[in-house]
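Q: The file below is my_file38.pdb, PDB, C-alpha atoms:
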ATOM      1  CA  GLU W 107     -77.714  50.329 -72.434
ATOM      2  CA  THR W 108     -77.787  51.817 -75.926
ATOM      3  CA  LEU W 109     -80.048  48.999 -77.127
ATOM      4  CA  ALA W 110     -82.338  49.549 -74.136
ATOM      5  CA  ARG W 111     -82.775  53.217 -75.057
ATOM      6  CA  LEU W 112     -83.673  52.296 -78.625
ATOM      7  CA  LEU W 113     -86.284  49.749 -77.601
ATOM      8  CA  PRO W 114     -89.855  50.840 -76.786
ATOM      9  CA  LYS W 115     -90.797  51.184 -73.102
ATOM     10  CA  SER W 116     -93.673  48.722 -73.367
ATOM     11  CA  LEU W 117     -92.587  45.217 -72.331
ATOM     12  CA  ALA W 118     -94.802  43.654 -74.992
ATOM     13  CA  LEU W 119     -93.386  45.878 -77.724
ATOM     14  CA  ARG W 120     -89.860  45.152 -76.534
ATOM     15  CA  ALA W 121     -90.519  41.423 -76.741
ATOM     16  CA  ILE W 122     -91.873  41.802 -80.269
ATOM     17  CA  ALA W 123     -88.950  44.003 -81.351
ATOM     18  CA  LEU W 124     -86.335  41.614 -79.949
ATOM     19  CA  SER W 125     -88.021  38.536 -81.372
ATOM     20  CA  THR W 126     -88.277  40.256 -84.770
ATOM     21  CA  LEU W 127     -84.579  41.158 -84.670
ATOM     22  CA  TRP W 128     -83.647  37.626 -83.619
ATOM     23  CA  ALA W 129     -85.783  36.109 -86.379
ATOM     24  CA  ALA W 130     -84.200  38.356 -89.000
ATOM     25  CA  LEU W 131     -80.631  37.563 -87.873
ATOM     26  CA  SER W 132     -81.371  33.833 -87.585
ATOM     27  CA  LEU W 133     -82.974  33.618 -91.015
ATOM     28  CA  ALA W 134     -80.079  35.559 -92.567
ATOM     29  CA  ALA W 135     -77.584  33.124 -91.029
ATOM     30  CA  ILE W 136     -79.657  30.099 -92.055
ATOM     31  CA  SER W 137     -79.983  31.292 -95.651
ATOM     32  CA  THR W 138     -76.222  31.901 -95.868
ATOM     33  CA  VAL W 139     -75.423  28.393 -94.643
ATOM     34  CA  ILE W 140     -78.004  26.715 -96.871
ATOM     35  CA  LEU W 141     -76.830  28.600 -99.973
ATOM     36  CA  LYS W 142     -73.189  27.731 -99.226
ATOM     37  CA  LEU W 143     -74.001  24.030 -98.809
ATOM     38  CA  HIS W 144     -76.157  24.060-101.933
ATOM     39  CA  ARG W 145     -73.465  25.745-104.054
ATOM     40  CA  ASP W 146     -70.777  23.362-102.792
ATOM     41  CA  ALA W 147     -72.920  20.336-103.642
ATOM     42  CA  ILE W 148     -73.813  21.668-107.104
ATOM     43  CA  GLU W 149     -70.194  22.585-107.860
ATOM     44  CA  GLU W 150     -68.942  19.168-106.757
ATOM     45  CA  ASN W 151     -71.533  17.364-108.859
ATOM     46  CA  PHE W 152     -70.744  19.598-111.859
ATOM     47  CA  GLU W 153     -67.017  18.854-111.679
ATOM     48  CA  TYR W 154     -67.637  15.136-111.116
ATOM     49  CA  LEU W 155     -69.872  15.047-114.195
ATOM     50  CA  LEU W 156     -67.176  16.659-116.353
ATOM     51  CA  GLU W 157     -64.580  14.233-114.985
ATOM     52  CA  SER W 158     -66.782  11.237-115.800
ATOM     53  CA  HIS W 159     -67.534  12.483-119.307
ATOM     54  CA  LEU W 160     -63.855  13.152-119.973
ATOM     55  CA  LEU W 161     -62.955   9.567-119.069
ATOM     56  CA  ILE W 162     -65.661   8.217-121.365
ATOM     57  CA  LEU W 163     -64.539  10.531-124.163
ATOM     58  CA  PHE W 164     -60.912   9.447-123.774
ATOM     59  CA  GLY W 165     -61.908   5.804-124.023
ATOM     60  CA  ALA W 166     -64.163   6.260-127.049
ATOM     61  CA  VAL W 167     -62.101   8.396-129.436
ATOM     62  CA  GLY W 168     -58.739   7.507-130.936
ATOM     63  CA  PRO W 169     -56.796   7.278-134.200
ATOM     64  CA  ASP W 170     -57.344   4.641-136.868
ATOM     65  CA  ASP W 171     -54.512   2.965-138.791
ATOM     66  CA  ASN W 172     -54.086   6.089-140.910
ATOM     67  CA  GLY W 173     -53.801   8.407-137.920
ATOM     68  CA  VAL W 174     -57.283   9.891-138.355
ATOM     69  CA  LEU W 175     -59.329  10.479-135.223
ATOM     70  CA  THR W 176     -62.425   8.280-135.091
ATOM     71  CA  GLY W 177     -65.031   7.250-132.564
ATOM     72  CA  PHE W 178     -68.068   8.742-130.893
ATOM     73  CA  PRO W 179     -68.733   8.593-127.135
ATOM     74  CA  ASP W 180     -72.050   7.743-125.517
ATOM     75  CA  LEU W 181     -72.103  10.206-122.653
ATOM     76  CA  GLY W 182     -75.753   9.571-121.840
ATOM     77  CA  ASP W 183     -76.549  13.294-121.798
ATOM     78  CA  ILE W 184     -78.860  14.768-124.426
ATOM     79  CA  ARG W 185     -77.413  18.254-123.887
ATOM     80  CA  TYR W 186     -74.397  17.254-126.001
ATOM     81  CA  SER W 187     -76.802  16.753-128.908
ATOM     82  CA  ILE W 188     -78.659  20.073-128.610
ATOM     83  CA  LYS W 189     -77.044  22.798-130.713
ATOM     84  CA  ASN W 190     -75.447  25.613-128.692
ATOM     85  CA  SER W 191     -76.594  24.087-125.404
ATOM     86  CA  GLY W 192     -73.410  25.095-123.605
ATOM     87  CA  TRP W 193     -72.468  21.430-123.195
ATOM     88  CA  TYR W 194     -69.799  20.378-125.689
ATOM     89  CA  TRP W 195     -66.988  17.921-126.234
ATOM     90  CA  SER W 196     -64.193  17.830-128.780
ATOM     91  CA  VAL W 197     -61.055  15.871-129.619
ATOM     92  CA  ILE W 198     -58.391  17.452-131.792
ATOM     93  CA  PRO W 199     -54.722  16.844-132.641
ATOM     94  CA  ASP W 200     -52.507  18.710-130.193
ATOM     95  CA  PRO W 201     -51.681  22.011-131.957
ATOM     96  CA  GLU W 202     -48.449  22.258-129.954
ATOM     97  CA  SER W 203     -47.195  18.823-130.980
ATOM     98  CA  SER W 204     -44.088  18.628-133.155
ATOM     99  CA  THR W 205     -45.624  15.773-135.163
ATOM    100  CA  VAL W 206     -48.389  16.187-137.741
ATOM    101  CA  GLU W 207     -49.309  12.525-138.155
ATOM    102  CA  LEU W 208     -52.594  12.814-136.255
ATOM    103  CA  THR W 209     -55.435  14.343-138.263
ATOM    104  CA  GLY W 210     -59.186  14.821-138.055
ATOM    105  CA  VAL W 211     -61.447  16.482-135.513
ATOM    106  CA  ARG W 212     -64.254  14.967-133.455
ATOM    107  CA  ARG W 213     -66.933  17.263-132.008
ATOM    108  CA  SER W 214     -70.254  16.913-130.264
ATOM    109  CA  PRO W 215     -73.372  17.663-132.345
ATOM    110  CA  SER W 216     -74.074  20.536-129.952
ATOM    111  CA  MET W 217     -71.146  22.455-131.452
ATOM    112  CA  GLY W 218     -72.788  22.503-134.888
ATOM    113  CA  GLY W 219     -69.454  22.228-136.688
ATOM    114  CA  GLN W 220     -68.076  25.272-134.882
ATOM    115  CA  ASP W 221     -65.152  25.302-132.497
ATOM    116  CA  ILE W 222     -64.226  26.900-129.182
ATOM    117  CA  SER W 223     -60.710  28.233-128.923
ATOM    118  CA  LEU W 224     -58.190  26.604-126.631
ATOM    119  CA  ALA W 225     -56.786  28.494-123.672
ATOM    120  CA  ASP W 226     -53.167  29.584-123.909
ATOM    121  CA  SER W 227     -50.975  26.851-122.412
ATOM    122  CA  LYS W 228     -48.610  29.468-120.967
ATOM    123  CA  LEU W 229     -51.388  31.321-119.167
ATOM    124  CA  ASN W 230     -53.253  28.130-118.238
ATOM    125  CA  PRO W 231     -50.611  25.387-117.966
ATOM    126  CA  PHE W 232     -51.397  21.709-117.689
ATOM    127  CA  SER W 233     -51.009  20.042-114.315
ATOM    128  CA  ALA W 234     -48.722  17.095-113.585
ATOM    129  CA  ASP W 235     -51.440  14.689-114.757
ATOM    130  CA  SER W 236     -51.753  16.555-118.105
ATOM    131  CA  ARG W 237     -55.090  18.160-117.234
ATOM    132  CA  ARG W 238     -56.292  21.706-116.828
ATOM    133  CA  TYR W 239     -59.521  23.425-115.880
ATOM    134  CA  TYR W 240     -60.516  26.850-117.171
ATOM    135  CA  GLN W 241     -63.406  28.998-118.369
ATOM    136  CA  VAL W 242     -64.029  30.388-121.846
ATOM    137  CA  GLU W 243     -66.861  31.995-123.784
ATOM    138  CA  GLY W 244     -69.207  29.505-125.431
ATOM    139  CA  LEU W 245     -70.891  29.599-128.822
ATOM    140  CA  GLU W 246     -73.845  31.648-127.530
ATOM    141  CA  SER W 247     -71.711  33.994-125.390
ATOM    142  CA  GLU W 248     -72.384  31.826-122.367
ATOM    143  CA  THR W 249     -69.582  30.959-119.951
ATOM    144  CA  VAL W 250     -68.452  27.340-120.136
ATOM    145  CA  ASP W 251     -66.144  25.418-117.818
ATOM    146  CA  VAL W 252     -63.581  23.373-119.733
ATOM    147  CA  LEU W 253     -61.881  20.228-118.475
ATOM    148  CA  GLU W 254     -59.078  19.387-120.879
ATOM    149  CA  LEU W 255     -56.722  16.435-121.144
ATOM    150  CA  ARG W 256     -53.562  16.334-123.228
ATOM    151  CA  SER W 257     -52.655  12.716-123.896
ATOM    152  CA  LYS W 258     -50.879  10.332-126.235
ATOM    153  CA  VAL W 259     -53.181   8.102-128.277
ATOM    154  CA  GLY W 260     -52.755   5.072-130.520
ATOM    155  CA  PRO W 261     -49.728   2.824-130.996
ATOM    156  CA  LYS W 262     -47.665   5.753-132.331
ATOM    157  CA  ASP W 263     -48.244   7.843-129.194
ATOM    158  CA  LEU W 264     -49.656  10.814-131.076
ATOM    159  CA  LEU W 265     -50.729  13.775-128.962
ATOM    160  CA  ALA W 266     -54.377  14.802-128.816
ATOM    161  CA  ARG W 267     -56.494  17.222-126.801
ATOM    162  CA  PHE W 268     -59.678  15.910-125.197
ATOM    163  CA  ARG W 269     -62.145  18.522-123.930
ATOM    164  CA  VAL W 270     -65.510  18.395-122.221
ATOM    165  CA  MET W 271     -67.332  21.666-121.564
ATOM    166  CA  GLY W 272     -70.211  22.411-119.210
ATOM    167  CA  ASN W 273     -72.547  25.401-119.171
ATOM    168  CA  ARG W 274     -71.411  27.537-116.225
ATOM    169  CA  SER W 275     -73.943  30.282-117.032
ATOM    170  CA  GLN W 276     -76.839  27.852-116.651
ATOM    171  CA  LEU W 277     -75.346  26.519-113.429
ATOM    172  CA  GLU W 278     -75.171  30.029-111.961
ATOM    173  CA  ALA W 279     -78.729  30.731-113.128
ATOM    174  CA  ASP W 280     -79.955  27.584-111.368
ATOM    175  CA  ILE W 281     -78.165  28.585-108.159
ATOM    176  CA  SER W 282     -79.645  32.089-108.375
ATOM    177  CA  ASP W 283     -83.136  30.660-108.924
ATOM    178  CA  PHE W 284     -82.736  28.409-105.874
ATOM    179  CA  ALA W 285     -81.568  31.412-103.813
ATOM    180  CA  SER W 286     -84.625  33.438-104.858
ATOM    181  CA  ARG W 287     -87.007  30.654-103.862
ATOM    182  CA  LEU W 288     -85.163  30.133-100.581
ATOM    183  CA  TYR W 289     -85.318  33.845 -99.706
ATOM    184  CA  LEU W 290     -89.036  33.894-100.461
ATOM    185  CA  ALA W 291     -89.715  30.835 -98.302
ATOM    186  CA  LEU W 292     -87.683  32.161 -95.370
ATOM    187  CA  ALA W 293     -89.255  35.620 -95.675
ATOM    188  CA  LEU W 294     -92.739  34.110 -95.484
ATOM    189  CA  PHE W 295     -91.670  32.021 -92.504
ATOM    190  CA  GLY W 296     -90.196  35.093 -90.813
ATOM    191  CA  LEU W 297     -93.307  37.178 -91.420
ATOM    192  CA  GLY W 298     -95.452  34.363 -90.065
ATOM    193  CA  SER W 299     -93.316  34.164 -86.921
ATOM    194  CA  ILE W 300     -93.597  37.919 -86.393
ATOM    195  CA  ALA W 301     -97.355  37.772 -86.909
ATOM    196  CA  VAL W 302     -97.643  35.001 -84.298
ATOM    197  CA  ASN W 303     -95.623  37.101 -81.860
TER     198      ASN W 303
END
Spell out the structure here as structure tokens.
A:
Amino acid sequence: ETLARLLPKSLALRAIALSTLWAALSLAAISTVILKLHRDAIEENFEYLLESHLLILFGAVGPDDNGVLTGFPDLGDIRYSIKNSGWYWSVIPDPESSTVELTGVRRSPSMGGQDISLADSKLNPFSADSRRYYQVEGLESETVDVLELRSKVGPKDLLARFRVMGNRSQLEADISDFASRLYLALALFGLGSIAVN
């Protein structure tokens, strides 16, 4: 009854008003669902990529006979070669290890010889499989997601930290850009539908 009072008396105008309202609500619901599905797919692919790169990194870097870290992974991603790209990897001796036999540091060219601090193990503990996932500030103040593995390496079982880092800021920017283009497309579709009515 309240809705009826708000609607115009003309049957044609009522039809247009209701169809406009329905189009707006439908497009809002559609955009919400599409953006949720898109974000979920992007997030899943992002995490899978970091997982894959971490496995490759773990298999490519290890200690030599003198306990010095050596090796260089082929991750097949040029972003690890572009300085300050937000995509980094590093392998370092575990700073919390009681042994000091493992030495050397391996970093991606994208880090330019710099380093990104480790998260506090007490605030961000490792899981049962010796992994952890967290976010830190990158070299260009961007946010990076870090997938880190703490593992024994070499015949002496020396502890090392393997890290791969992905540019979360760029990921969010890509999602935002997709949302903007989606809103524009749906708005044009909605306006076209209203015009047809």
Q: Quick one: contact table of region 249-283 of chain W to region 189-197 of chain W, 8 Å max, nearest atom pair and distance in Å to one decimal per residue, counting all atoms listed in the file, chain and number order, as CSV?
A:
residue,atom,partner,partner_atom,distance
W:Thr249,CA,W:Gly192,CA,7.9
W:Val250,CA,W:Gly192,CA,6.5
W:Ala266,CA,W:Val197,CA,6.8
W:Arg267,CA,W:Val197,CA,5.5
W:Phe268,CA,W:Val197,CA,4.6
W:Arg269,CA,W:Ser196,CA,5.3
W:Val270,CA,W:Trp195,CA,4.3
W:Met271,CA,W:Tyr194,CA,5.0
W:Gly272,CA,W:Trp193,CA,4.7
W:Asn273,CA,W:Gly192,CA,4.5
Q: Write out, as a compact mmCIF listing (two decimals), keeping the file's coordinate frame, the residues just selected, with C-alpha atoms.
A:
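Result went into again06.txt, see below:
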# COMPACT_ATOMS: atom_id res chain seq x y z
CA THR W 249 -69.58 30.96 -119.95
CA VAL W 250 -68.45 27.34 -120.14
CA ALA W 266 -54.38 14.80 -128.82
CA ARG W 267 -56.49 17.22 -126.80
CA PHE W 268 -59.68 15.91 -125.20
CA ARG W 269 -62.14 18.52 -123.93
CA VAL W 270 -65.51 18.40 -122.22
CA MET W 271 -67.33 21.67 -121.56
CA GLY W 272 -70.21 22.41 -119.21
CA ASN W 273 -72.55 25.40 -119.17
Q: For Gln220 (chain W), work out the shell of residues within 9 Å, counting all atoms listed in the file and skipping chain neighbours fewer than 3 positions away, then give it as a list in words.
A: Arg213, Met217 and Leu245 of chain W
Q: Store the residues of this selection in a file with C-alpha atoms, as a PDB file, in the coordinates of the input.
A:
ATOM      1  CA  ARG W 213     -66.933  17.263-132.008  1.00  0.00           C
ATOM      2  CA  MET W 217     -71.146  22.455-131.452  1.00  0.00           C
ATOM      3  CA  LEU W 245     -70.891  29.599-128.822  1.00  0.00           C
TER       4      LEU W 245
END
Q: Please write the residues picked by the PyMOL selection byres ((chain W and resi 202) around 12) on this file as an MDAnalysis selection string.
A: chainID W and resid 198:201 203:206 224 226:228 256 264:267
Q: Taking 6 positions as the minimum chain separation for residues in the same chain, which residues sit within 10 Å of region 148-159 of chain W when counting all atoms listed in the file? Answer as a PyMOL selection string.
A: chain W and resi 142+165+179-183+193+195+239+251-254+269-274+277-278+280-281
Q: CA of Val259 (chain W) and CA of Pro169 (chain W) are how many Å apart?
A: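 Computing the Euclidean distance for CA of Val259 (chain W) and CA of Pro169 (chain W) yields 7.0 Å.
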Q: Under the PyMOL selection byres ((chain W and resi 126) around 10), which residues of this model are included? Write them out as a CSV table (one decimal) with C-alpha atoms, keeping the file's coordinate frame.
A:
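To be explicit, this is the file written out as expr_36.csv:
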chain,number,residue,atom,x,y,z
W,120,ARG,CA,-89.9,45.2,-76.5
W,121,ALA,CA,-90.5,41.4,-76.7
W,122,ILE,CA,-91.9,41.8,-80.3
W,123,ALA,CA,-89.0,44.0,-81.4
W,124,LEU,CA,-86.3,41.6,-79.9
W,125,SER,CA,-88.0,38.5,-81.4
W,127,LEU,CA,-84.6,41.2,-84.7
W,128,TRP,CA,-83.6,37.6,-83.6
W,129,ALA,CA,-85.8,36.1,-86.4
W,130,ALA,CA,-84.2,38.4,-89.0
W,131,LEU,CA,-80.6,37.6,-87.9
W,132,SER,CA,-81.4,33.8,-87.6
W,296,GLY,CA,-90.2,35.1,-90.8
W,297,LEU,CA,-93.3,37.2,-91.4
W,299,SER,CA,-93.3,34.2,-86.9
W,300,ILE,CA,-93.6,37.9,-86.4
W,301,ALA,CA,-97.4,37.8,-86.9
W,303,ASN,CA,-95.6,37.1,-81.9
Q: When you draw a straight line from CA of Thr176 (chain W) to CA of Glu248 (chain W), how long is it in Å?
A: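 Going from CA of Thr176 (chain W) over to CA of Glu248 (chain W), I get 28.6 Å.
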Q: Could you tell me how far CA of Ser275 (chain W) sits from CA of Ile136 (chain W), in Å to one decimal place?
A: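 Value for the CA of Ile136 (chain W)-CA of Ser275 (chain W) distance: 25.6 Å.
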